[in-house]
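File shown here: protein22.txt, holding compact mmCIF, C-alpha atoms and all ligand atoms.
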# COMPACT_ATOMS: atom_id res chain seq x y z
CA MET A 14 14.01 2.86 -4.21
CA ARG A 15 13.26 4.41 -7.54
CA GLY A 16 14.20 3.43 -11.04
CA SER A 17 15.75 0.04 -10.34
CA GLY A 18 14.71 -3.57 -9.85
CA ASN A 19 12.03 -5.55 -11.58
CA ARG A 20 8.87 -3.82 -12.58
CA SER A 21 5.70 -5.93 -12.65
CA SER A 22 4.15 -6.38 -16.06
CA SER A 23 0.91 -7.56 -14.46
CA ALA A 24 -0.20 -4.19 -13.16
CA ARG A 25 -3.47 -4.31 -15.04
CA PRO A 26 -6.98 -4.75 -13.73
CA ILE A 27 -7.94 -8.40 -13.87
CA SER A 28 -11.70 -8.40 -13.82
CA GLY A 29 -13.96 -7.42 -16.69
CA PRO A 30 -13.14 -6.38 -20.22
CA GLU A 31 -13.18 -2.64 -19.42
CA ALA A 32 -10.41 -0.79 -17.60
CA LEU A 33 -11.25 -0.26 -13.96
CA PRO A 34 -11.07 3.32 -12.68
CA VAL A 35 -7.76 4.60 -11.37
CA PRO A 36 -7.72 4.96 -7.57
CA ALA A 37 -6.72 8.33 -6.09
CA VAL A 38 -3.37 8.36 -4.29
CA HIS A 39 -2.40 11.04 -1.75
CA ASP A 40 1.31 11.55 -2.18
CA THR A 41 3.33 13.53 0.38
CA GLY A 42 6.97 13.79 1.40
CA THR A 43 10.23 12.72 -0.16
CA GLY A 44 12.57 9.82 0.48
CA PRO A 45 12.14 6.05 0.46
CA ALA A 46 8.54 5.24 -0.44
CA ILE A 47 5.93 3.80 1.89
CA LEU A 48 2.53 2.69 0.64
CA PHE A 49 -0.21 2.98 3.27
CA LEU A 50 -3.34 0.87 2.65
CA HIS A 51 -6.39 1.78 4.72
CA ALA A 52 -8.91 -0.31 6.64
CA PHE A 53 -12.65 -0.73 6.00
CA PRO A 54 -14.77 1.41 5.89
CA LEU A 55 -12.30 4.27 6.08
CA ASP A 56 -10.09 6.12 3.60
CA ALA A 57 -6.53 7.34 3.20
CA SER A 58 -7.01 9.93 5.96
CA GLN A 59 -6.65 7.03 8.40
CA TRP A 60 -2.91 7.57 7.88
CA ASP A 61 -2.80 11.34 8.42
CA HIS A 62 -0.82 11.04 11.66
CA GLN A 63 1.76 8.75 10.08
CA ALA A 64 2.04 10.93 6.97
CA ALA A 65 2.70 13.92 9.23
CA ALA A 66 5.28 12.00 11.28
CA LEU A 67 7.09 10.45 8.32
CA SER A 68 6.80 12.87 5.38
CA GLY A 69 10.01 14.66 6.40
CA SER A 70 12.00 11.51 5.74
CA HIS A 71 9.79 9.34 3.51
CA ARG A 72 7.48 9.56 0.53
CA CYS A 73 4.06 8.55 1.86
CA LEU A 74 1.62 7.21 -0.74
CA ARG A 75 -1.92 6.69 0.51
CA PRO A 76 -4.49 5.34 -1.94
CA ASP A 77 -8.26 5.50 -1.39
CA MET A 78 -10.08 2.26 -2.19
CA TRP A 79 -12.68 2.58 -4.97
CA GLY A 80 -15.70 4.53 -3.71
CA CYS A 81 -13.85 5.63 -0.55
CA GLY A 82 -12.25 9.03 0.05
CA VAL A 83 -11.89 10.70 -3.34
CA SER A 84 -11.46 7.56 -5.45
CA PRO A 85 -13.97 6.90 -8.23
CA GLU A 86 -16.62 4.24 -7.75
CA LEU A 87 -16.82 0.97 -9.63
CA THR A 88 -19.90 0.60 -11.82
CA ASP A 89 -20.18 -2.94 -10.52
CA PRO A 90 -18.95 -2.73 -6.89
CA GLN A 91 -20.33 -6.12 -5.93
CA HIS A 92 -17.74 -7.76 -8.17
CA ALA A 93 -14.69 -5.98 -6.75
CA THR A 94 -11.67 -8.07 -5.79
CA LEU A 95 -8.61 -7.19 -3.76
CA ASP A 96 -6.39 -8.60 -6.51
CA ALA A 97 -7.91 -6.12 -8.99
CA TYR A 98 -7.45 -3.30 -6.48
CA ALA A 99 -3.83 -4.38 -5.82
CA ASP A 100 -3.22 -4.30 -9.59
CA ALA A 101 -4.72 -0.83 -9.82
CA VAL A 102 -2.43 0.35 -7.01
CA LEU A 103 0.56 -1.25 -8.76
CA GLY A 104 -0.44 0.75 -11.84
CA ARG A 105 -0.17 3.93 -9.74
CA LEU A 106 3.29 2.85 -8.53
CA ASP A 107 4.30 2.28 -12.16
CA ALA A 108 3.05 5.76 -13.03
CA ALA A 109 5.15 7.18 -10.19
CA SER A 110 8.22 5.17 -11.37
CA LEU A 111 8.40 3.41 -8.01
CA ASP A 112 9.77 -0.08 -8.33
CA GLN A 113 9.73 -0.97 -4.66
CA VAL A 114 7.87 0.33 -1.63
CA VAL A 115 7.47 -0.56 2.02
CA VAL A 116 3.85 -1.73 2.20
CA THR A 117 1.86 -0.92 5.33
CA GLY A 118 -1.68 -2.26 5.55
CA ALA A 119 -4.33 -1.91 8.24
CA SER A 120 -6.90 -4.69 8.39
CA MET A 121 -8.48 -4.62 4.88
CA GLY A 122 -5.31 -2.80 3.84
CA GLY A 123 -3.38 -5.80 5.18
CA TYR A 124 -5.48 -8.15 3.05
CA THR A 125 -4.63 -5.87 0.11
CA ALA A 126 -0.94 -5.98 1.04
CA LEU A 127 -1.10 -9.78 0.86
CA ALA A 128 -2.82 -9.52 -2.54
CA LEU A 129 0.01 -7.27 -3.65
CA LEU A 130 2.53 -9.85 -2.46
CA ARG A 131 0.68 -12.50 -4.44
CA ARG A 132 0.62 -10.35 -7.59
CA ALA A 133 4.07 -8.72 -7.50
CA PRO A 134 6.28 -9.77 -4.55
CA GLN A 135 9.31 -8.05 -6.08
CA ARG A 136 7.66 -4.66 -5.54
CA VAL A 137 7.56 -5.09 -1.75
CA ARG A 138 10.67 -3.84 0.07
CA ALA A 139 9.24 -4.64 3.52
CA LEU A 140 5.83 -5.41 5.00
CA VAL A 141 3.96 -3.86 7.93
CA LEU A 142 0.59 -5.28 8.98
CA THR A 143 -1.74 -4.02 11.68
CA GLY A 144 -5.09 -5.40 12.82
CA SER A 145 -4.97 -7.86 9.96
CA ARG A 146 -5.01 -11.58 9.32
CA ALA A 147 -4.00 -14.01 6.58
CA SER A 148 -7.01 -16.32 6.74
CA ALA A 149 -10.05 -16.04 4.46
CA ASP A 150 -13.63 -15.46 5.66
CA THR A 151 -15.85 -18.24 6.92
CA PRO A 152 -19.04 -18.77 4.88
CA GLU A 153 -20.98 -16.97 7.61
CA GLN A 154 -18.64 -13.94 7.54
CA ARG A 155 -18.97 -13.85 3.76
CA GLU A 156 -22.74 -13.83 3.95
CA ASN A 157 -22.67 -11.03 6.54
CA ARG A 158 -20.45 -8.95 4.31
CA LEU A 159 -22.69 -9.36 1.28
CA ARG A 160 -25.71 -8.49 3.42
CA MET A 161 -23.98 -5.33 4.66
CA ALA A 162 -22.98 -4.40 1.10
CA ASP A 163 -26.56 -4.79 -0.05
CA LEU A 164 -27.87 -2.76 2.90
CA ALA A 165 -25.43 0.09 2.20
CA LEU A 166 -26.43 0.16 -1.47
CA ARG A 167 -30.13 0.25 -0.57
CA GLU A 168 -30.11 2.48 2.51
CA GLY A 169 -26.82 4.40 2.48
CA SER A 170 -23.52 4.58 4.33
CA GLU A 171 -25.11 5.50 7.66
CA THR A 172 -25.90 1.78 8.02
CA ALA A 173 -22.18 1.14 8.61
CA VAL A 174 -21.57 3.82 11.26
CA SER A 175 -22.41 1.53 14.18
CA MET A 176 -19.16 -0.31 13.34
CA VAL A 177 -17.22 2.41 15.20
CA LYS A 178 -17.71 0.56 18.46
CA ARG A 179 -16.18 -2.65 17.15
CA LEU A 180 -13.34 -0.87 15.35
CA LEU A 181 -12.09 0.96 18.44
CA GLY A 182 -10.87 -0.19 21.84
CA PRO A 183 -12.85 0.66 25.00
CA GLY A 184 -10.92 3.91 25.66
CA ALA A 185 -10.99 5.25 22.10
CA ARG A 186 -14.67 4.54 21.50
CA VAL A 187 -15.66 7.03 24.22
CA ASP A 188 -13.05 9.59 23.16
CA PRO A 189 -14.70 12.05 20.74
CA HIS A 190 -11.30 13.10 19.37
CA ILE A 191 -10.90 9.58 17.99
CA ALA A 192 -14.43 8.17 17.64
CA ASP A 193 -16.02 11.18 15.88
CA PRO A 194 -13.47 11.36 13.04
CA VAL A 195 -13.78 7.59 12.55
CA ALA A 196 -17.59 7.96 12.24
CA GLY A 197 -17.01 10.87 9.84
CA ARG A 198 -14.77 8.74 7.65
CA ILE A 199 -17.41 5.99 7.50
CA ARG A 200 -20.10 8.52 6.52
CA ARG A 201 -17.82 9.86 3.77
CA CYS A 202 -17.39 6.39 2.30
CA ARG A 203 -20.00 6.09 -0.46
CA PRO A 204 -22.41 3.11 -0.53
CA ALA A 205 -20.60 1.81 -3.64
CA GLY A 206 -17.34 2.01 -1.67
CA ILE A 207 -18.76 0.01 1.23
CA ALA A 208 -20.10 -2.56 -1.23
CA ALA A 209 -16.79 -2.78 -3.13
CA CYS A 210 -14.77 -3.27 0.07
CA GLN A 211 -17.13 -5.93 1.40
CA ALA A 212 -17.28 -7.83 -1.90
CA ALA A 213 -13.51 -7.68 -2.27
CA MET A 214 -12.88 -8.90 1.28
CA ALA A 215 -15.52 -11.64 0.98
CA SER A 216 -13.84 -13.10 -2.10
CA ARG A 217 -10.26 -12.95 -0.82
CA PRO A 218 -8.39 -16.26 -0.72
CA ASP A 219 -6.66 -17.72 2.31
CA SER A 220 -3.10 -16.35 2.35
CA THR A 221 -1.75 -18.33 5.31
CA ALA A 222 0.58 -20.40 3.11
CA LEU A 223 1.87 -17.24 1.45
CA LEU A 224 3.38 -15.94 4.69
CA ALA A 225 6.24 -18.48 4.66
CA SER A 226 7.34 -17.17 1.26
CA VAL A 227 7.66 -13.54 2.38
CA GLY A 228 11.43 -13.07 2.43
CA VAL A 229 11.44 -9.36 3.28
CA PRO A 230 11.52 -7.83 6.77
CA ALA A 231 8.04 -7.75 8.27
CA LEU A 232 6.47 -6.07 11.27
CA VAL A 233 3.10 -6.83 12.84
CA ILE A 234 1.83 -3.99 15.05
CA HIS A 235 -1.16 -5.10 17.06
CA GLY A 236 -3.55 -3.32 19.41
CA GLU A 237 -3.80 -5.36 22.60
CA GLN A 238 -7.57 -4.74 22.78
CA ASP A 239 -8.32 -5.46 19.11
CA GLY A 240 -11.86 -6.89 19.15
CA ILE A 241 -11.75 -8.01 15.49
CA VAL A 242 -8.38 -9.75 15.14
CA SER A 243 -7.14 -11.52 18.26
CA LEU A 244 -3.65 -11.13 19.67
CA ASP A 245 -3.15 -14.87 19.17
CA GLU A 246 -3.83 -14.47 15.44
CA ALA A 247 -1.38 -11.57 15.24
CA ARG A 248 1.23 -13.60 17.12
CA ALA A 249 0.75 -16.56 14.77
CA MET A 250 1.03 -14.32 11.72
CA ALA A 251 4.24 -12.67 12.95
CA GLY A 252 5.62 -16.15 13.73
CA ALA A 253 4.76 -17.44 10.26
CA LEU A 254 6.57 -14.57 8.53
CA PRO A 255 10.23 -15.74 8.26
CA ARG A 256 11.55 -12.27 9.20
CA GLY A 257 8.52 -11.24 11.22
CA GLU A 258 8.53 -9.12 14.39
CA LEU A 259 5.58 -8.32 16.63
CA VAL A 260 4.94 -5.09 18.54
CA VAL A 261 1.88 -5.07 20.82
CA LEU A 262 0.45 -1.65 21.67
CA PRO A 263 -1.24 -1.65 25.08
CA GLY A 264 -4.62 0.03 25.66
CA VAL A 265 -5.67 0.23 22.01
CA GLY A 266 -8.01 -1.70 19.74
CA HIS A 267 -8.30 -2.58 16.05
CA LEU A 268 -7.38 0.85 14.64
CA ALA A 269 -4.08 1.04 16.52
CA ASN A 270 -2.58 3.77 14.33
CA LEU A 271 -5.51 6.10 15.08
CA GLU A 272 -5.87 5.17 18.74
CA ASP A 273 -2.21 5.67 19.69
CA PRO A 274 -0.68 7.43 16.68
CA ALA A 275 2.57 8.36 18.44
CA ALA A 276 3.31 4.81 19.63
CA PHE A 277 2.37 3.43 16.21
CA SER A 278 4.60 5.88 14.34
CA ASP A 279 7.47 5.20 16.77
CA ALA A 280 7.17 1.45 16.13
CA LEU A 281 7.06 2.08 12.38
CA LEU A 282 10.02 4.46 12.41
CA GLY A 283 12.03 2.05 14.57
CA PHE A 284 11.39 -0.72 12.04
CA LEU A 285 12.26 1.52 9.08
CA GLY A 286 15.48 2.47 10.85
CA ARG A 287 16.38 -1.20 11.38
CA ILE A 288 15.79 -2.20 7.76
CA GLY A 289 17.85 0.76 6.52
C1 LIG A 301 -11.15 -3.49 8.61
O1 LIG A 301 -10.86 -2.85 9.62
O2 LIG A 301 -10.61 -3.28 7.51
C2 LIG A 301 -12.20 -4.56 8.74
O3 LIG A 301 -12.59 -4.68 10.07
C3 LIG A 301 -11.68 -5.84 8.20
C4 LIG A 301 -12.71 -6.92 8.15
O4 LIG A 301 -13.91 -6.63 8.15
O5 LIG A 301 -12.31 -8.09 8.05

Take the structure in the file and write it out as structure tokens.
Amino acid sequence: MRGSGNRSSSARPISGPEALPVPAVHDTGTGPAILFLHAFPLDASQWDHQAAALSGSHRCLRPDMWGCGVSPELTDPQHATLDAYADAVLGRLDAASLDQVVVTGASMGGYTALALLRRAPQRVRALVLTGSRASADTPEQRENRLRMADLALREGSETAVSMVKRLLGPGARVDPHIADPVAGRIRRCRPAGIAACQAAMASRPDSTALLASVGVPALVIHGEQDGIVSLDEARAMAGALPRGELVVLPGVGHLANLEDPAAFSDALLGFLGRIG
């Protein structure tokens, strides 16, 4: 997967005259490369289980969104876009001489994966989406996001911690081994990170029409009890991807890879085995 194929020449930040900061990427393992894009308001550690399960056979690259994990903050987080973030991630792939990667995105990470497909489809070897959707926000959802961004900037990241309940299924939200680390990740996300994620998601375009143009193998892994993205939406998305497959994980919610890491990694490894 290295050193061949077309390299994007558009891997540059698109907003503002100044260069945007370079996101941190956690890079473990060797072998064919997989890019793991995290959900909101988490960080790259969302993928720790998968990195542990796959690093023996794959190179696992896990970026932190701006202001999340150890990535630098934007000076103007309320103007972040997912396209600009996708370009910044492509810049990191360029720096690592990776022409093509399997892109795995959870929820916001899935929106970013679709941005990446818009910006540089030739860099995507295969696509894995979980807890994600192709549609844009409604005006009401957009307003809520901007309100939450503003609140985090004024009063801190603790204002987002109550999201844990919505992010997890009924079993996981009362399991301290799962719920506490999710709350910890949210607390670690800086207010500028929360604002950047919300602004970027609020301004994302509808990508429904894009799905039909995705010629690479694609897998949708969906938690049966996802309270944010319905199973019907996941089914429709898998159906709209020409080479799409759907795996439904029973008993888990929106953060399927954290709620049932073994089942998630098995589904992912099975897919990677099939695409060769
Ligand atoms: C996420 O998990 O990334 C968010 O729930 C996505 C969203 O708010 O649309």

Per-axis box centre and lengths in Å around ligand LIG 301 (chain A), 8 Å margin per side, axis-aligned, as JSON:
{"center_x": -12.3, "center_y": -5.5, "center_z": 8.8, "size_x": 19.3, "size_y": 21.2, "size_z": 18.6}

- Message: Which residues are near ligand LIG 301 (chain A) in this structure, taking near to mean any atom at most 6 Å from a ligand atom and counting only C-alpha atoms and all ligand atoms? Format them as number ranges by chain.
- Response: A: 52-53, 120-121

Expected file contents, prior selection, C-alpha atoms, as a PDB file, in the coordinates of the input:
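Generated output (result.pdb):
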ATOM      1  CA  ALA A  52      -8.910  -0.310   6.640  1.00  0.00           C
ATOM      2  CA  PHE A  53     -12.650  -0.730   6.000  1.00  0.00           C
ATOM      3  CA  SER A 120      -6.900  -4.690   8.390  1.00  0.00           C
ATOM      4  CA  MET A 121      -8.480  -4.620   4.880  1.00  0.00           C
TER       5      MET A 121
END

- Within 7 Å of A:Thr41, counting only C-alpha atoms, which residues show up once you throw out same-chain ones fewer than 4 positions away? Write them as a list in words, please.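 Once the nearby chain positions are removed, what remains is Ser68, Arg72, Cys73 and Leu74 of chain A.
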
- Message: List as JSON, numbers by chain the protein and nucleic acid residues near A:Arg217, meaning an atom at most 10 Å away when only C-alpha atoms are counted, but skip any in the same chain fewer than 2 places from it.
- Response: {"A": [94, 95, 96, 124, 125, 127, 128, 147, 148, 149, 150, 155, 212, 213, 214, 215, 219, 220]}

- Of the listed residues A:Leu244, A:Ile234, A:Ala173, A:Leu33, that which approaches A:Val102 most closely, counting all atoms listed in the file: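 Of A:Leu244, A:Ile234, A:Ala173, A:Leu33, the one nearest A:Val102 is A:Leu33, counting all atoms listed in the file.
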
- Task: Have a look at atom CA of A:Ala185 and atom CA of A:Glu153 and let me know their distance in Å, one decimal.
- Result: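 Straight-line distance from atom CA of A:Ala185 to atom CA of A:Glu153 works out to 28.3 Å.
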
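Of the listed residues (A:Gly82, A:Gly266, A:Pro255, A:Pro36), A:Gly266 comes nearest to A:Val177; the distances count only C-alpha atoms.
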
- Kindly give the distance, in Å, that separates atom CA of A:Arg138 and atom CA of A:Ala109, rounded to a single decimal.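 Between atom CA of A:Arg138 and atom CA of A:Ala109 the gap is 16.0 Å.
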
Using all atoms listed in the file, which residues sit within 12 Å of A:Arg160 once same-chain residues fewer than 4 positions away are excluded, as an mmCIF file with C-alpha atoms, keeping the file's coordinate frame?
data_model
loop_
_atom_site.group_PDB
_atom_site.id
_atom_site.type_symbol
_atom_site.label_atom_id
_atom_site.label_comp_id
_atom_site.auth_asym_id
_atom_site.auth_seq_id
_atom_site.Cartn_x
_atom_site.Cartn_y
_atom_site.Cartn_z
ATOM 1 C CA GLN A 91 -20.330 -6.120 -5.930
ATOM 2 C CA GLU A 153 -20.980 -16.970 7.610
ATOM 3 C CA GLN A 154 -18.640 -13.940 7.540
ATOM 4 C CA ARG A 155 -18.970 -13.850 3.760
ATOM 5 C CA GLU A 156 -22.740 -13.830 3.950
ATOM 6 C CA LEU A 164 -27.870 -2.760 2.900
ATOM 7 C CA ALA A 165 -25.430 0.090 2.200
ATOM 8 C CA LEU A 166 -26.430 0.160 -1.470
ATOM 9 C CA ARG A 167 -30.130 0.250 -0.570
ATOM 10 C CA GLU A 168 -30.110 2.480 2.510
ATOM 11 C CA THR A 172 -25.900 1.780 8.020
ATOM 12 C CA ALA A 173 -22.180 1.140 8.610
ATOM 13 C CA ILE A 207 -18.760 0.010 1.230
ATOM 14 C CA ALA A 208 -20.100 -2.560 -1.230
ATOM 15 C CA GLN A 211 -17.130 -5.930 1.400
ATOM 16 C CA ALA A 212 -17.280 -7.830 -1.900
ATOM 17 C CA ALA A 215 -15.520 -11.640 0.980
#

- Can you tell me how far atom CA of A:Ala65 sits from atom CA of A:Ala97, in Å to one decimal?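 Computing it gives 29.1 Å between the two atoms.
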
- Message: Neighbouring residues of stretch 277-286 of chain A were defined as those with any atom within 10 Å, considering only C-alpha atoms; residues of the same chain fewer than 2 positions away were excluded. Please report them as a ChimeraX atom specification.
- Response: /A:45,47,62-67,70-71,115,117,139,141,143,230-236,258-262,269-275,288-289

- Name the residues in contact with A:Val242 at a cut-off of 8 Å, using all atoms listed in the file, excluding same-chain residues fewer than 6 positions from it; report them as a ChimeraX atom specification. /A:144-146,267

- Item | Option closest in space to A:Gly257, from A:Gly197, A:Glu237, A:Leu224, A:Gly69 [counting all atoms listed in the file] | A:Leu224

- Query: For A:Met161, which residue out of A:Pro204, A:Pro263, A:Gly228, A:Gly104 is the nearest one, using all atoms listed in the file?
  - Reply: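 Ranking A:Pro204, A:Pro263, A:Gly228, A:Gly104 by distance to A:Met161, first place goes to A:Pro204.
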
- Message: Between A:His51, A:Gly206, A:Leu268, A:Leu103, which residue has the minimum interatomic distance to A:Ala192, considering only C-alpha atoms?
- Response: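 Ranked by minimum distance to A:Ala192, first place goes to A:Leu268.
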
- Message: Could you check the closest approach to A:Ala205 for each of A:Gln135, A:Ser110, A:Thr88, A:Thr43 and tell me which residue wins, using only C-alpha atoms?
- Response: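 The shortest atom-to-atom distance to A:Ala205 comes from A:Thr88.
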